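A.B. asks: Just so it is clear, I am handing over structure.txt, which has compact mmCIF, C-alpha atoms.
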# COMPACT_ATOMS: atom_id res chain seq x y z
CA MET R 146 -0.53 48.35 13.93
CA ARG R 147 -0.81 50.82 11.05
CA SER R 148 1.46 50.84 8.00
CA GLU R 149 4.17 53.41 7.25
CA GLN R 150 2.01 54.73 4.43
CA GLU R 151 -0.89 55.37 6.81
CA ILE R 152 1.45 57.04 9.30
CA ASN R 153 2.82 59.43 6.67
CA ARG R 154 -0.67 60.28 5.44
CA ALA R 155 -1.87 60.97 9.00
CA LEU R 156 1.20 63.14 9.68
CA ASP R 157 0.58 65.17 6.53
CA GLN R 158 -3.12 65.48 7.22
CA TYR R 159 -3.35 66.07 10.98
CA SER R 160 0.01 67.39 12.19
CA ASP R 161 -1.15 71.04 11.92
CA THR R 162 -4.36 70.30 13.84
CA VAL R 163 -2.45 68.52 16.60
CA ARG R 164 0.16 71.27 16.69
CA ARG R 165 -2.49 74.03 17.03
CA LEU R 166 -4.19 72.19 19.88
CA CYS R 167 -0.79 71.76 21.56
CA MET R 168 -0.18 75.49 21.18
CA ILE R 169 -3.54 76.26 22.81
CA HIS R 170 -2.77 74.16 25.88
CA LEU R 171 0.95 73.71 26.30
CA LYS R 172 3.52 76.23 27.29
CA ASN R 173 6.84 74.71 26.34
CA LYS R 174 8.62 72.91 23.54
CA ASP R 175 9.29 69.64 25.39
CA ASP R 176 5.68 69.14 26.40
CA THR R 177 4.53 69.92 22.85
CA GLU R 178 6.99 67.42 21.41
CA ASP R 179 5.92 64.74 23.92
CA ILE R 180 2.23 65.17 23.26
CA PHE R 181 2.65 65.49 19.49
CA GLN R 182 4.64 62.27 19.31
CA ASN R 183 2.41 60.38 21.71
CA VAL R 184 -0.76 61.30 19.84
CA PHE R 185 0.67 59.84 16.64
CA LEU R 186 2.00 56.81 18.50
CA LYS R 187 -1.50 56.18 19.83
CA TYR R 188 -2.77 56.43 16.29
CA VAL R 189 -0.17 53.93 15.05
CA LEU R 190 -0.98 51.41 17.77
CA SER R 191 -4.72 51.98 17.73
CA SER R 192 -6.93 49.41 16.06
CA VAL R 193 -9.83 51.84 15.69
CA VAL R 194 -11.45 51.61 12.27
CA PHE R 195 -12.48 55.07 11.10
CA GLU R 196 -15.74 55.40 9.23
CA ASN R 197 -14.54 58.47 7.32
CA GLU R 198 -12.08 61.38 7.47
CA GLU R 199 -14.34 63.40 9.77
CA HIS R 200 -14.39 60.54 12.24
CA GLU R 201 -10.61 60.26 12.04
CA LYS R 202 -10.11 64.01 12.50
CA ALA R 203 -12.45 64.06 15.51
CA TRP R 204 -10.41 61.18 16.98
CA PHE R 205 -7.17 63.16 16.62
CA ILE R 206 -8.75 66.24 18.21
CA ARG R 207 -10.19 64.32 21.14
CA VAL R 208 -6.99 62.34 21.78
CA THR R 209 -4.82 65.49 21.60
CA ILE R 210 -7.04 67.49 23.98
CA ASN R 211 -7.17 64.58 26.44
CA ALA R 212 -3.40 64.11 26.28
CA CYS R 213 -2.85 67.83 26.93
CA ARG R 214 -5.26 67.79 29.86
CA ASP R 215 -3.58 64.73 31.36
CA LEU R 216 -0.19 66.41 31.07
CA LEU R 217 -1.47 69.63 32.63
CA ARG R 218 -2.80 67.65 35.57
CA SER R 219 0.58 65.99 36.04
CA PHE R 220 2.62 67.32 38.95
CA PHE R 221 5.94 66.85 37.17
CA ARG R 222 5.20 68.88 34.05
CA SER R 223 7.26 71.95 33.26
CA ARG R 224 5.57 75.03 34.55
CA THR R 225 4.91 78.45 33.12
CA VAL R 226 6.59 80.16 30.21
CA SER R 227 5.90 83.52 28.57
CA LEU R 228 3.25 83.90 25.88
CA ASP R 229 5.90 85.27 23.51
CA GLU R 230 7.81 82.02 23.77
CA VAL R 231 4.67 80.01 23.02
CA LEU R 232 3.97 82.01 19.87
CA ASP R 233 7.58 82.16 18.71
CA ARG R 234 7.79 78.44 18.16
CA PRO R 235 5.32 77.48 15.42
CA GLY R 236 7.15 79.57 12.81
CA PRO R 237 6.83 83.27 11.87
CA ILE R 238 3.48 84.83 12.74
CA SER R 239 2.31 88.25 11.50
CA PRO R 240 1.52 90.97 14.09
CA ASP R 241 -2.20 90.82 13.30
CA HIS R 242 -2.35 87.05 13.74
CA ARG R 243 -0.21 87.30 16.85
CA GLU R 244 -2.71 89.72 18.41
CA VAL R 245 -5.61 87.32 17.75
CA LEU R 246 -3.72 84.27 18.99
CA GLU R 247 -2.61 86.11 22.11
CA ALA R 248 -6.24 87.01 22.75
CA VAL R 249 -7.30 83.36 22.37
CA LEU R 250 -4.43 82.05 24.50
CA SER R 251 -5.18 84.52 27.25
CA LEU R 252 -8.67 83.02 27.67
CA PRO R 253 -9.15 80.54 30.51
CA GLY R 254 -8.38 76.98 29.39
CA LYS R 255 -11.99 75.76 29.13
CA TYR R 256 -12.79 78.45 26.49
CA ARG R 257 -9.81 77.85 24.23
CA ASP R 258 -10.91 74.46 22.87
CA VAL R 259 -14.39 75.66 21.97
CA VAL R 260 -13.02 78.81 20.30
CA TYR R 261 -10.59 76.77 18.22
CA LEU R 262 -13.13 74.07 17.33
CA HIS R 263 -15.89 76.54 16.52
CA TYR R 264 -14.06 79.42 14.80
CA TYR R 265 -11.29 77.47 13.10
CA GLU R 266 -12.55 73.91 12.58
CA GLU R 267 -16.11 75.22 12.12
CA TYR R 268 -17.75 72.58 14.27
CA THR R 269 -21.25 73.30 15.57
CA ALA R 270 -22.03 73.36 19.29
CA PRO R 271 -23.60 69.83 19.21
CA GLN R 272 -20.52 68.49 17.37
CA ILE R 273 -18.21 70.16 19.89
CA SER R 274 -20.26 68.72 22.75
CA ARG R 275 -19.72 65.22 21.33
CA ILE R 276 -15.98 65.71 20.79
CA LEU R 277 -15.36 67.21 24.22
CA GLY R 278 -17.91 65.08 26.05
CA LYS R 279 -19.65 68.20 27.40
CA ASN R 280 -23.31 69.11 27.62
CA VAL R 281 -24.38 71.01 24.51
CA ASN R 282 -25.81 73.86 26.61
CA THR R 283 -22.46 74.18 28.36
CA VAL R 284 -20.82 74.53 24.94
CA TYR R 285 -23.29 77.28 23.97
CA THR R 286 -22.50 79.10 27.23
CA LEU R 287 -18.73 78.74 26.71
CA LEU R 288 -19.04 80.05 23.16
CA ALA R 289 -21.12 83.05 24.24
CA ARG R 290 -18.71 84.00 27.02
CA SER R 291 -15.62 83.51 24.88
CA ARG R 292 -17.19 85.66 22.17
CA GLN R 293 -17.74 88.41 24.72
CA MET R 294 -14.19 88.15 26.09
CA LEU R 295 -12.65 88.16 22.62
CA ARG R 296 -14.73 91.21 21.70
CA GLU R 297 -13.33 93.00 24.72
CA LYS R 298 -9.75 91.98 24.00
CA LEU R 299 -9.82 92.61 20.27
CA GLY R 300 -11.58 95.95 20.38
CA GLY R 301 -15.26 95.16 20.19
CA GLU R 302 -15.26 93.38 16.86
CA GLU R 303 -18.21 91.18 16.01
CA TYR R 304 -17.61 87.45 16.55
CA GLU R 305 -20.64 85.60 15.37
CA GLN R 306 -21.70 82.22 16.57
CA MET J 25 -14.44 88.97 12.33
CA ASN J 26 -14.50 85.24 12.54
CA ASN J 27 -12.09 85.24 9.64
CA ARG J 28 -9.40 86.87 11.77
CA ILE J 29 -9.38 83.89 14.16
CA LYS J 30 -9.42 81.47 11.26
CA GLU J 31 -6.53 83.20 9.51
CA ALA J 32 -4.56 83.46 12.75
CA PHE J 33 -4.82 79.72 13.43
CA ASP J 34 -4.17 79.02 9.77
CA SER J 35 -0.75 80.62 10.11
CA VAL J 36 0.22 78.04 12.72
CA HIS J 37 1.80 74.93 11.28
CA ALA J 38 3.62 71.94 12.69
CA GLU J 39 7.34 72.52 12.29
CA GLU J 40 9.08 70.24 9.79
CA SER J 41 11.66 69.38 12.47
CA LEU J 42 8.84 68.25 14.78
CA LYS J 43 7.34 66.05 12.05
CA GLU J 44 10.72 64.53 11.27
CA LYS J 45 11.41 63.83 14.94
CA THR J 46 8.00 62.21 15.20
CA ARG J 47 8.66 60.04 12.14
CA SER J 48 11.93 58.83 13.71
CA PHE J 49 10.21 58.34 17.07
CA LEU J 50 7.43 56.26 15.48
CA ALA J 51 9.90 54.23 13.41
CA GLU J 52 11.84 53.42 16.57
CA LYS J 53 8.71 52.53 18.54
CA THR J 54 7.11 50.44 15.83
CA ALA J 55 10.36 48.55 15.15
CA GLY J 56 10.46 47.69 18.85
CA HIS J 57 6.84 46.72 18.66
CA SER J 58 7.38 44.28 15.80
CA LYS J 59 10.41 42.79 17.56
CA ARG J 60 8.32 42.22 20.65
CA THR J 61 5.77 40.32 18.63
CA VAL J 62 8.45 37.90 17.44
CA VAL J 63 9.48 36.90 20.96
CA PRO J 64 6.14 35.42 22.04
CA PHE J 65 6.01 33.47 18.77
CA ARG J 66 9.37 31.92 19.56
CA LYS J 67 8.19 31.16 23.05
CA LEU J 68 5.12 29.53 21.56
CA VAL J 69 7.14 27.02 19.54
CA PRO J 70 7.81 24.57 22.41
CA ALA J 71 4.24 25.00 23.62
CA ALA J 72 2.93 24.30 20.11
CA ALA J 73 5.24 21.27 19.85
CA CYS J 74 3.92 19.97 23.18
CA LEU J 75 0.36 20.54 22.02
CA LEU J 76 1.02 18.70 18.76
CA LEU J 77 2.66 15.85 20.66
CA PHE J 78 -0.30 15.76 23.04
CA LEU J 79 -2.79 15.76 20.16
CA ALA J 80 -0.85 13.13 18.22
CA GLY J 81 -0.52 11.04 21.39
CA GLY J 82 -4.20 11.51 22.17
CA HIS J 83 -5.11 10.57 18.61
CA TRP J 84 -2.95 7.45 18.82
CA LEU J 85 -4.38 6.49 22.23
CA TYR J 86 -7.96 7.00 21.08
CA PHE J 87 -7.78 5.59 17.58
CA THR J 88 -5.68 2.50 18.20
CA PRO J 89 -7.97 -0.54 18.51
CA THR J 90 -7.28 -2.74 21.51
CA ALA J 91 -10.07 -5.23 20.82
CA SER J 92 -12.54 -6.16 18.09
CA ILE J 93 -15.99 -7.69 18.05
CA SER J 94 -17.00 -9.75 15.06
CA ILE J 95 -20.71 -10.28 14.59
CA ASP J 96 -21.95 -12.82 12.05
CA ILE J 97 -25.45 -13.84 11.16
CA ASN J 98 -25.54 -13.23 7.49
CA PRO J 99 -24.67 -9.62 7.71
CA SER J 100 -21.09 -9.75 8.96
CA VAL J 101 -19.95 -6.75 10.93
CA GLU J 102 -16.68 -6.03 12.69
CA LEU J 103 -16.36 -3.40 15.42
CA ASP J 104 -12.96 -2.05 16.48
CA ILE J 105 -12.93 -1.02 20.12
CA ASN J 106 -10.35 1.35 21.66
CA ARG J 107 -8.86 1.27 25.14
CA PHE J 108 -11.68 3.53 26.35
CA ASP J 109 -14.28 0.90 25.33
CA ARG J 110 -15.55 3.05 22.47
CA VAL J 111 -16.28 1.82 18.96
CA ILE J 112 -13.77 3.55 16.67
CA SER J 113 -14.79 1.81 13.48
CA ALA J 114 -17.68 -0.34 12.32
CA GLU J 115 -17.07 -2.25 9.11
CA GLY J 116 -19.51 -4.34 7.15
CA LEU J 117 -17.66 -7.37 5.70
CA ASN J 118 -20.34 -8.18 3.11
CA ASP J 119 -23.12 -6.26 1.37
CA ASP J 120 -25.66 -6.92 4.12
CA GLY J 121 -23.08 -5.94 6.74
CA GLU J 122 -22.36 -2.67 4.95
CA LYS J 123 -26.05 -1.85 4.77
CA LEU J 124 -26.38 -2.58 8.46
CA THR J 125 -23.43 -0.38 9.53
CA GLU J 126 -24.66 2.43 7.29
CA SER J 127 -28.12 2.33 8.81
CA LEU J 128 -26.86 2.39 12.43
CA GLN J 129 -24.78 5.08 14.11
CA LEU J 130 -22.17 2.91 15.80
CA THR J 131 -18.91 4.87 15.68
CA PHE J 132 -17.89 6.52 18.99
CA THR J 133 -20.63 4.78 20.95
CA GLY J 134 -19.82 2.45 23.84
CA TYR J 135 -19.39 -1.22 22.82
CA SER J 136 -22.40 -2.30 24.86
CA GLU J 137 -24.65 0.29 23.22
CA ALA J 138 -23.30 -0.69 19.77
CA LEU J 139 -24.05 -4.37 20.37
CA THR J 140 -27.54 -3.56 21.60
CA ARG J 141 -28.21 -1.37 18.55
CA ILE J 142 -27.07 -4.14 16.19
CA LEU J 143 -29.03 -6.92 17.87
CA GLU J 144 -32.14 -4.78 18.20
CA SER J 145 -31.98 -3.56 14.61
CA GLU J 146 -34.90 -4.55 12.45
CA GLN J 147 -32.71 -6.61 10.13
CA ILE J 148 -31.04 -8.69 12.85
CA SER J 149 -34.07 -9.12 15.09
CA SER J 150 -36.15 -10.40 12.15
CA LEU J 151 -33.35 -12.84 11.22
CA LEU J 152 -33.06 -14.05 14.82
CA SER J 153 -36.79 -14.59 15.11
CA ASP J 154 -36.51 -16.57 11.88
CA ASN J 155 -34.21 -19.08 13.60
CA ALA J 156 -31.00 -17.58 12.14
CA GLN J 157 -27.67 -18.36 13.79
CA LEU J 158 -25.76 -15.47 15.40
CA SER J 159 -22.10 -15.62 16.29
CA ILE J 160 -20.40 -12.89 18.35
CA THR J 161 -16.64 -13.20 18.73
CA VAL J 162 -14.57 -10.97 20.98
CA ILE J 163 -11.04 -10.64 19.67
CA GLY J 164 -8.50 -9.27 22.08
CA SER J 165 -5.35 -10.07 23.97
CA GLY J 166 -7.18 -11.94 26.71
CA ASP J 167 -6.93 -9.09 29.16
CA ALA J 168 -9.53 -7.46 31.40
CA GLN J 169 -11.01 -5.58 28.47
CA SER J 170 -11.60 -8.82 26.52
CA ALA J 171 -13.37 -10.26 29.57
CA ARG J 172 -15.51 -7.12 29.84
CA LEU J 173 -16.43 -7.26 26.17
CA LEU J 174 -17.24 -10.95 26.32
CA SER J 175 -19.44 -10.37 29.34
CA ALA J 176 -21.31 -7.62 27.48
CA ALA J 177 -21.67 -9.83 24.40
CA GLU J 178 -23.01 -12.65 26.55
CA THR J 179 -25.51 -10.30 28.15
CA CYS J 180 -26.72 -9.16 24.73
CA ALA J 181 -26.89 -12.73 23.40
CA ALA J 182 -28.66 -14.06 26.49
CA GLY J 183 -32.12 -13.40 25.16
CA HIS J 184 -31.54 -15.16 21.83
CA GLU J 185 -31.59 -18.92 21.59
CA ASN J 186 -29.35 -19.18 18.54
CA ALA J 187 -26.77 -16.61 19.57
CA HIS J 188 -23.29 -17.84 20.50
CA CYS J 189 -20.36 -15.97 22.00
CA TYR J 190 -16.71 -16.80 21.47
CA THR J 191 -13.30 -15.38 22.14
CA GLY J 192 -10.54 -15.20 19.61
CA ASN J 193 -7.18 -13.61 18.93
CA TYR J 194 -5.71 -11.32 16.33
CA GLN J 195 -3.67 -14.03 14.54
CA GLU J 196 -6.91 -15.87 13.76
CA LEU J 197 -8.62 -12.63 12.75
CA GLU J 198 -5.73 -11.89 10.41
CA ALA J 199 -6.02 -15.37 8.90
CA ALA J 200 -9.79 -14.89 8.48
CA HIS J 201 -9.25 -11.63 6.64
CA GLN J 202 -6.69 -13.27 4.38
CA CYS J 203 -9.37 -15.81 3.39
CA GLY J 204 -11.80 -12.94 2.81
CA LEU J 205 -14.00 -14.13 5.66
CA SER J 206 -15.33 -12.64 8.83
CA TYR J 207 -14.16 -14.23 12.05
CA GLY J 208 -17.37 -16.17 12.70
CA LYS J 209 -17.44 -17.63 9.19
CA TYR J 210 -13.71 -18.42 9.31
CA ARG J 211 -14.27 -20.38 12.50
CA ALA J 212 -17.09 -22.34 10.82
CA PHE J 213 -14.84 -22.79 7.75
CA LEU J 214 -12.14 -24.39 9.92
CA GLN J 215 -14.70 -26.73 11.46
CA LEU J 216 -16.06 -27.74 8.08
CA GLN J 217 -12.58 -28.12 6.62
CA GLU J 218 -11.81 -30.83 9.15
CA ALA J 219 -14.69 -32.89 7.77
CA ASP J 220 -14.40 -31.77 4.17
CA PRO J 221 -10.86 -30.68 3.20
CA ASP J 222 -12.06 -29.63 -0.28
CA ILE J 223 -14.28 -26.82 0.95
CA THR J 224 -13.05 -23.34 -0.03
CA PRO J 225 -13.51 -19.94 1.63
CA GLU J 226 -15.34 -18.72 -1.51
CA GLU J 227 -18.08 -21.28 -0.87
CA ILE J 228 -18.38 -20.12 2.71
CA GLN J 229 -18.61 -16.42 1.83
CA GLY J 230 -22.14 -16.56 0.44
CA MET J 231 -23.57 -18.80 3.18
CA THR J 232 -25.46 -17.62 6.23
CA MET J 233 -24.37 -18.73 9.69
CA ARG J 234 -27.50 -20.88 9.89
CA GLU J 235 -26.52 -22.70 6.68
CA LEU J 236 -23.00 -23.15 7.98
CA GLN J 237 -24.21 -24.46 11.32
CA ASP J 238 -26.59 -26.86 9.61
CA ARG J 239 -23.75 -28.12 7.46
CA ILE J 240 -21.48 -28.53 10.51
CA ASP J 241 -24.27 -30.35 12.32
CA GLY J 242 -24.78 -32.54 9.24
CA CYS J 243 -21.16 -33.52 9.00
CA SER J 244 -21.02 -34.17 12.77
CA GLN J 245 -23.77 -36.74 12.35
CA GLN J 246 -21.95 -38.35 9.45
CA VAL J 247 -18.47 -38.30 10.95
CA PRO J 248 -18.66 -37.99 14.72
CA ASP J 249 -15.82 -36.01 16.31
CA SER J 250 -14.66 -34.74 12.92
CA CYS J 251 -16.20 -31.29 13.23
CA GLN J 252 -14.83 -30.03 16.54
CA THR J 253 -14.37 -26.36 17.17
CA PRO J 254 -10.84 -25.03 16.68
CA GLY J 255 -8.55 -24.88 19.63
CA HIS J 256 -9.77 -21.70 21.20
CA GLY J 257 -12.24 -21.12 23.99
CA HIS J 258 -15.87 -20.81 23.13
CA HIS J 259 -19.16 -20.55 24.89
CA ARG J 260 -22.02 -22.10 23.00
CA ASN J 261 -25.13 -20.33 23.97
CA GLY J 262 -24.06 -20.75 27.52
CA CYS J 263 -23.66 -17.03 27.36
CA SER J 264 -26.41 -16.24 29.79
CA PRO J 265 -25.02 -14.18 32.64
Mind converting the file's structure to structure tokens?

C.D. replies:
Amino acid sequence: MRSEQEINRALDQYSDTVRRLCMIHLKNKDDTEDIFQNVFLKYVLSSVVFENEEHEKAWFIRVTINACRDLLRSFFRSRTVSLDEVLDRPGPISPDHREVLEAVLSLPGKYRDVVYLHYYEEYTAPQISRILGKNVNTVYTLLARSRQMLREKLGGEEYEQ
Amino acid sequence: MNNRIKEAFDSVHAEESLKEKTRSFLAEKTAGHSKRTVVPFRKLVPAAACLLLFLAGGHWLYFTPTASISIDINPSVELDINRFDRVISAEGLNDDGEKLTESLQLTFTGYSEALTRILESEQISSLLSDNAQLSITVIGSGDAQSARLLSAAETCAAGHENAHCYTGNYQELEAAHQCGLSYGKYRAFLQLQEADPDITPEEIQGMTMRELQDRIDGCSQQVPDSCQTPGHGHHRNGCSP
């Protein structure tokens, strides 16, 4: 079990990453809270020894995405909620940012992770393929399609790979 | 622009209330976790006590001698045997005896194997072929184990003309140790003392069993019936099975 010091450091370092991934996948406050807390509980109880910060961050991303997917597959989860409600929760967001986030959140689920990991976390397609356990060519395809969809939604702006 | 996506996600942060709730949640869960680890430890205490008792009992059972074998030629060696017929200690009672026990791996072997190793050792076999006198005494409480040990000693001694097997008891062994003698030499000392009351254990210590036997035989010729064996059973070279 990890020490209180390690827990506080992990919360400071990875809570925003976990929260953003929750926002991408989850539609209500209770689910977000459950997943957020459970991800950090898994970290506390895990005996995994991380080689470096990158390894640790990739662990948090993978565990959060898996936890969200498991919840979404669950029959008893709370169902739909409006996009406005999703974006109202993580604090005040400017209209410009809201437009971009709405565009990302309106993508089908399988594109959202790769968009976040590629455009925000700046992972390459091979790195994303390792984190998500997907074929690297599949990741390239998902990135290309999501780029096209975002271009359509956000007025034909250039989104480079 | 890629920057627009980056900036948009950058504006999303985990709420402080969510972090605080998570801290409380983790504190609660980890406190429960540490409590749970205490319970099995408490449950382990009786099990650990039983294990200790078992180990201590096992140690006592294994390492308590129930019989001894004293072997005298000039090297004098004493083997302590446990209830499982294993040698738990092999002690040389003089310099030659110490050299012999150091050169042979006797501890934890079966008594029969230990006797064979001693009698077949270079030192003993050369002494026996040189007409030396060998005395093997089984010290026990006269139970089945003593009979088994004596039988094994007789089997080992069978091939040697000057080997003799005896039985003895712990009171006599204790008395022998008090005189600083091995059992075989103590027995010879008692025989000689009957003929020559002035003889001391110190004189006996440096003598070989052959020298002692010759002296006993000498005094028997001079004073018939004065050098009888002490009042315990013995088997003079009638040890053949």

A.B. asks: Could you tell me how far atom CA of Ile276 of chain R sits from atom CA of Ala51 of chain J, in Å to one decimal place?

C.D. replies: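 Taking atom CA of Ala51 of chain J and atom CA of Ile276 of chain R, their separation equals 29.3 Å.
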
A.B. asks: Out of J:Ser41, J:Thr125, J:Thr46, J:Ser145, which residue has the shortest atom-to-atom distance to chain R when counting only C-alpha atoms?

C.D. replies: J:Thr46

A.B. asks: Write out as a ChimeraX atom specification each polymer residue whose atoms come within 9 Å of Val245 of chain R, counting all atoms listed in the file; drop sequence neighbours fewer than 4 positions from it.

C.D. replies: /R:240-241,249-250,295,298-299 /J:28-29,32-33

A.B. asks: How close does chain J get to chain R? List, as a Markdown table, each residue of chain J within 7 Å, its nearest atom pair and the distance in Å to one decimal, counting only C-alpha atoms.

C.D. replies:
| residue | atom | partner | partner_atom | distance |
| --- | --- | --- | --- | --- |
| J:Met25 | CA | R:Tyr304 | CA | 5.5 |
| J:Asn26 | CA | R:Tyr304 | CA | 5.5 |
| J:Ile29 | CA | R:Val245 | CA | 6.2 |
| J:Lys30 | CA | R:Tyr265 | CA | 4.8 |
| J:Ala32 | CA | R:His242 | CA | 4.3 |
| J:Phe33 | CA | R:Tyr265 | CA | 6.9 |
| J:Ser35 | CA | R:Ile238 | CA | 6.5 |
| J:Val36 | CA | R:Pro235 | CA | 5.8 |
| J:His37 | CA | R:Asp161 | CA | 4.9 |
| J:Ala38 | CA | R:Asp161 | CA | 4.9 |
| J:Glu39 | CA | R:Pro235 | CA | 6.2 |
| J:Leu42 | CA | R:Glu178 | CA | 6.9 |
| J:Thr46 | CA | R:Gln182 | CA | 5.3 |
| J:Leu50 | CA | R:Leu186 | CA | 6.2 |

A.B. asks: Grab the atom CA of Gly208 of chain J to atom CA of Gly121 of chain J distance for me, in Å with one decimal place.

C.D. replies: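 The value is 13.1 Å.
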
A.B. asks: Could you tell me which of J:Thr88, J:Gln202, J:Ser100, J:Thr131 comes closest to Ile160 of chain J if we count all atoms listed in the file?

C.D. replies: J:Ser100

A.B. asks: Rank J:Gly192, J:Gly164, J:Gly242, J:Pro221 by their smallest atom-to-atom distance to Pro89 of chain J, using all atoms listed in the file, and report the top residue only.

C.D. replies: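 Result for the nearest residue to Pro89 of chain J: J:Gly164.
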
A.B. asks: Go through R:Arg275, R:Lys172, R:Arg290, R:Arg154 and flag the residue nearest Tyr188 of chain R, using only C-alpha atoms for the distances.

C.D. replies: R:Arg154

A.B. asks: Would you list the residues near (-17.9, -15.6, 22.3) (no more than 7 Å away, in the coordinates of the file, using all atoms listed in the file) as a list in words?

C.D. replies: Ile160, Thr161, Val162, Leu174, His188, Cys189, Tyr190, Thr191, His258 and His259 of chain J

A.B. asks: Between J:Leu173, J:Ile112, J:Ile97, J:Leu130, which residue has the minimum interatomic distance to Leu236 of chain J, considering all atoms listed in the file?

C.D. replies: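 The shortest atom-to-atom distance to Leu236 of chain J comes from J:Ile97.
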
A.B. asks: Mind giving me the straight-line distance from atom CA of Lys279 of chain R to atom CA of Tyr256 of chain R in Å, one decimal?

C.D. replies: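 It comes out at 12.4 Å.
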
A.B. asks: Skip segment 179-185 of chain J itself and residues of its chain fewer than 2 positions away, then list as a list in words all residues within 10 Å of it, counting all atoms listed in the file.

C.D. replies: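 Once the nearby chain positions are removed, what remains is Ser136, Glu137, Leu139, Thr140, Ile142, Leu143, Glu144, Ser149, Leu152, Ser153, Asn155, Ala156, Gln157, Leu158, Ser159, Ile160, Leu173, Leu174, Ser175, Ala176, Ala177, Ala187, His188, Cys189, Asn261, Gly262, Cys263, Ser264 and Pro265 of chain J.
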
A.B. asks: Step by step: start from the point (-17.0, -1.5, 14.2) in the file's coordinates, keep every protein, DNA or RNA residue that has an atom no farther than 12 Å from it, count all atoms listed in the file, and write the set as a PyMOL selection string.

C.D. replies: chain J and resi 89+91-95+100-106+109-117+121-122+124-126+128-139+142+162

A.B. asks: Using the incomplete input, complete segment 215-227 of chain J to the level of N, CA, C and O atoms; output as a compact mmCIF listing (two decimals), keeping the file's coordinate frame.

C.D. replies:
# COMPACT_ATOMS: atom_id res chain seq x y z
N GLN J 215 -13.99 -25.54 10.99
CA GLN J 215 -14.70 -26.73 11.46
C GLN J 215 -15.10 -27.63 10.29
O GLN J 215 -14.93 -28.83 10.35
N LEU J 216 -15.62 -26.97 9.24
CA LEU J 216 -16.06 -27.74 8.08
C LEU J 216 -14.87 -28.37 7.34
O LEU J 216 -14.97 -29.47 6.82
N GLN J 217 -13.77 -27.65 7.35
CA GLN J 217 -12.58 -28.12 6.62
C GLN J 217 -12.07 -29.45 7.19
O GLN J 217 -11.52 -30.27 6.46
N GLU J 218 -12.26 -29.59 8.51
CA GLU J 218 -11.81 -30.83 9.15
C GLU J 218 -12.57 -32.03 8.58
O GLU J 218 -12.01 -33.11 8.40
N ALA J 219 -13.88 -31.80 8.30
CA ALA J 219 -14.69 -32.89 7.77
C ALA J 219 -14.59 -32.97 6.25
O ALA J 219 -14.65 -34.05 5.67
N ASP J 220 -14.44 -31.81 5.63
CA ASP J 220 -14.40 -31.77 4.17
C ASP J 220 -13.24 -30.88 3.73
O ASP J 220 -13.39 -29.67 3.56
N PRO J 221 -12.06 -31.48 3.53
CA PRO J 221 -10.86 -30.68 3.20
C PRO J 221 -11.00 -29.92 1.88
O PRO J 221 -10.24 -28.98 1.64
N ASP J 222 -11.94 -30.29 1.03
CA ASP J 222 -12.06 -29.63 -0.28
C ASP J 222 -12.83 -28.32 -0.23
O ASP J 222 -12.89 -27.59 -1.22
N ILE J 223 -13.45 -28.04 0.88
CA ILE J 223 -14.28 -26.82 0.95
C ILE J 223 -13.40 -25.56 0.88
O ILE J 223 -12.27 -25.55 1.41
N THR J 224 -13.87 -24.56 0.16
CA THR J 224 -13.05 -23.34 -0.03
C THR J 224 -13.73 -22.14 0.65
O THR J 224 -14.95 -22.14 0.84
N PRO J 225 -12.93 -21.15 1.00
CA PRO J 225 -13.51 -19.94 1.63
C PRO J 225 -14.56 -19.28 0.75
O PRO J 225 -15.53 -18.71 1.25
N GLU J 226 -14.38 -19.35 -0.60
CA GLU J 226 -15.34 -18.72 -1.51
C GLU J 226 -16.74 -19.31 -1.33
O GLU J 226 -17.73 -18.61 -1.41
N GLU J 227 -16.78 -20.64 -1.09
CA GLU J 227 -18.08 -21.28 -0.87
C GLU J 227 -18.71 -20.77 0.41
O GLU J 227 -19.93 -20.61 0.50
